[in-house]
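To start, the structure under review is shown below, and the notes come after it.
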Amino acid sequence: MNLQFYLEKLHASEEFKKFKRENPDAYLCSAFFSIDKENMKSPDNKSHLDFYVPPKDKNEKGKMFSFQLEEGVKLVPLDTSGFPDGMDSEEISSDINLDFNNVEKMIAERMEKENLRNKIQKILFSLQNKEGKAFLIGTVFISMFGLLKVNIDLSEKPFWKITSFEKKSFFDMLSITGKKK
């Protein structure tokens, strides 16, 4: 699967066409993907494409909407009340040729280089723009309660690079405290 597949599915839907007629200034600002590698017969994959609608005047806040693509196309308004005033989400180019199989291969190669023999079970990706550059920010669940935190810079095609790769244990995330005496 790749990003273009999901964008084509979205753009062909009546729900999106109606949304764009009502919000012609809306643009893609982020995307979320969950890829289940463990349960191949009935995977729990998710894909959400988020769009930002800029405010029409300075006294308003922009709005965000997510299109969930698991079962058809479902539009879900997102709560932006926690966003700072004047915050705009950066636009993500829709011409990124993001192939999840290639990204998974990059991660597997890095795991091998780092002598990690664990099996990839689930991958969570967030596609975002930071300071004008497209990034894929990932959390990869691996066997034996392991986690990988991975950031991939997508700004220099075709030479994407992993800019951050950190292995953690699931137990590192838990905070265990004893009783105070």
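So you can find residues: chains in the structure tokens are A, B, ... in the order shown, residues in each start at 1, and ligands are numbered from 1 in order.
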With 12 Å as the cut-off and only C-alpha atoms counted, what is the closest atom pair between each nearby residue of range 43-93 of chain A and range 7-30 of chain A? Distances in Å to one decimal, ordered by chain and number, as CSV.
residue,atom,partner,partner_atom,distance
A:Ser47,CA,A:Leu7,CA,10.5
A:His48,CA,A:Ser30,CA,8.5
A:Leu49,CA,A:Ser30,CA,6.3
A:Asp50,CA,A:Ser30,CA,5.1
A:Phe51,CA,A:Leu28,CA,4.5
A:Tyr52,CA,A:Ala26,CA,5.3
A:Val53,CA,A:Ala26,CA,4.4
A:Pro54,CA,A:Ala26,CA,6.8
A:Pro55,CA,A:Asp25,CA,9.5
A:Lys56,CA,A:Asp25,CA,9.6
A:Gly62,CA,A:Ala26,CA,9.8
A:Lys63,CA,A:Ala26,CA,9.1
A:Met64,CA,A:Ala26,CA,8.8
A:Phe65,CA,A:Ala26,CA,9.3
A:Ser66,CA,A:Ser30,CA,9.0
A:Phe67,CA,A:Leu10,CA,7.8
A:Gln68,CA,A:Leu10,CA,9.2
A:Leu69,CA,A:Leu10,CA,7.6
A:Glu70,CA,A:Lys9,CA,10.9
A:Glu71,CA,A:Lys9,CA,11.3
A:Gly72,CA,A:Ser13,CA,8.4
A:Val73,CA,A:Leu10,CA,6.8
A:Lys74,CA,A:Glu15,CA,7.4
A:Leu75,CA,A:Glu15,CA,7.2
A:Val76,CA,A:Glu15,CA,10.9
A:Pro77,CA,A:Phe19,CA,11.4
A:Asp88,CA,A:Cys29,CA,9.4
A:Ser89,CA,A:Cys29,CA,6.0
A:Glu90,CA,A:Cys29,CA,5.7
A:Glu91,CA,A:Cys29,CA,4.7
A:Ile92,CA,A:Cys29,CA,5.3
A:Ser93,CA,A:Leu28,CA,7.5
Revision key, fill the gap. Of A:Phe5, A:Asn118, A:Leu127, A:Lys157, the one nearest to Ile142 in chain A when counting only C-alpha atoms is A:Asn118
Study note, to complete from the structure: Among A:Asn45, A:Ser169, A:Gln128, A:Thr163, Leu148 in chain A is approached most closely, using only C-alpha atoms, by A:Ser169
Exercise for review: May I have all residues of range 6-175 of chain A that DSSP, computed from the backbone, assigns to strand (DSSP E), given as a PyMOL selection string?
Suggested key: chain A and resi 27-36+46-53+63-68+74-78+120-130+133-142+146-153+161-169
Take the residues from that selection and put them in a file with C-alpha atoms, as a compact mmCIF listing (two decimals), in the first residue's frame.
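Final output, out_25.txt:
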# COMPACT_ATOMS: atom_id res chain seq x y z
CA TYR A 27 -5.46 21.07 2.69
CA LEU A 28 -3.83 17.85 3.81
CA CYS A 29 -1.95 18.55 7.06
CA SER A 30 -1.28 15.10 8.54
CA ALA A 31 -2.00 11.43 8.14
CA PHE A 32 -2.08 8.44 10.47
CA PHE A 33 -1.55 4.82 9.51
CA SER A 34 -1.64 1.68 11.61
CA ILE A 35 -0.29 -1.45 9.93
CA ASP A 36 -0.91 -4.79 11.62
CA LYS A 46 -6.22 1.99 10.01
CA SER A 47 -5.68 5.00 7.78
CA HIS A 48 -6.75 8.56 8.52
CA LEU A 49 -6.06 11.61 6.38
CA ASP A 50 -6.38 14.93 8.21
CA PHE A 51 -7.30 18.23 6.58
CA TYR A 52 -6.95 21.74 7.94
CA VAL A 53 -9.47 24.45 7.09
CA LYS A 63 -10.73 23.67 11.93
CA MET A 64 -9.46 20.15 11.39
CA PHE A 65 -11.23 17.15 9.95
CA SER A 66 -10.10 13.56 9.67
CA PHE A 67 -11.18 11.16 6.95
CA GLN A 68 -11.16 7.60 8.26
CA LYS A 74 -16.00 8.65 7.09
CA LEU A 75 -15.57 12.35 7.95
CA VAL A 76 -14.82 13.11 11.61
CA PRO A 77 -14.40 16.67 12.96
CA LEU A 78 -11.38 17.02 15.26
CA ILE A 120 7.84 -6.41 13.55
CA GLN A 121 4.30 -6.82 14.89
CA LYS A 122 2.59 -3.47 14.35
CA ILE A 123 3.63 -0.14 12.86
CA LEU A 124 2.07 3.23 13.68
CA PHE A 125 3.00 6.09 11.35
CA SER A 126 2.19 9.76 11.49
CA LEU A 127 2.93 11.82 8.40
CA GLN A 128 3.62 15.44 9.38
CA ASN A 129 5.27 18.58 8.14
CA LYS A 130 7.75 20.21 10.49
CA LYS A 133 9.93 19.28 5.73
CA ALA A 134 7.82 16.14 5.51
CA PHE A 135 8.50 13.57 8.22
CA LEU A 136 7.19 10.11 8.89
CA ILE A 137 7.15 9.59 12.64
CA GLY A 138 6.78 5.98 13.63
CA THR A 139 6.28 3.74 16.59
CA VAL A 140 7.06 0.14 15.75
CA PHE A 141 5.96 -2.63 18.09
CA ILE A 142 8.37 -5.54 17.94
CA GLY A 146 10.01 -3.98 22.34
CA LEU A 147 9.30 -0.60 20.77
CA LEU A 148 11.15 1.37 18.15
CA LYS A 149 10.78 5.12 17.85
CA VAL A 150 11.65 6.07 14.29
CA ASN A 151 11.69 9.41 12.46
CA ILE A 152 12.18 9.43 8.69
CA ASP A 153 12.92 12.63 6.77
CA LYS A 161 16.84 8.94 5.70
CA ILE A 162 16.15 7.76 9.20
CA THR A 163 16.99 10.74 11.40
CA SER A 164 16.11 9.09 14.70
CA PHE A 165 16.05 5.41 15.66
CA GLU A 166 15.65 4.41 19.27
CA LYS A 167 14.82 1.03 20.80
CA LYS A 168 12.82 0.93 23.99
CA SER A 169 11.29 -1.78 26.05
Check your understanding: Could you pull out the alpha helix (DSSP H) residues of chain A from DSSP and send them as a ChimeraX atom specification?
Key -> /A:3-12,14-22,100-113,170-173
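Note that CA of Tyr6 in chain A and CA of Ile96 in chain A are 12.0 Å apart.
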Revision key, fill the gap. Judged by only C-alpha atoms, the minimum distance to Phe145 in chain A among A:Ser94, A:Phe171, A:Gly132, A:Pro43 is found for A:Phe171
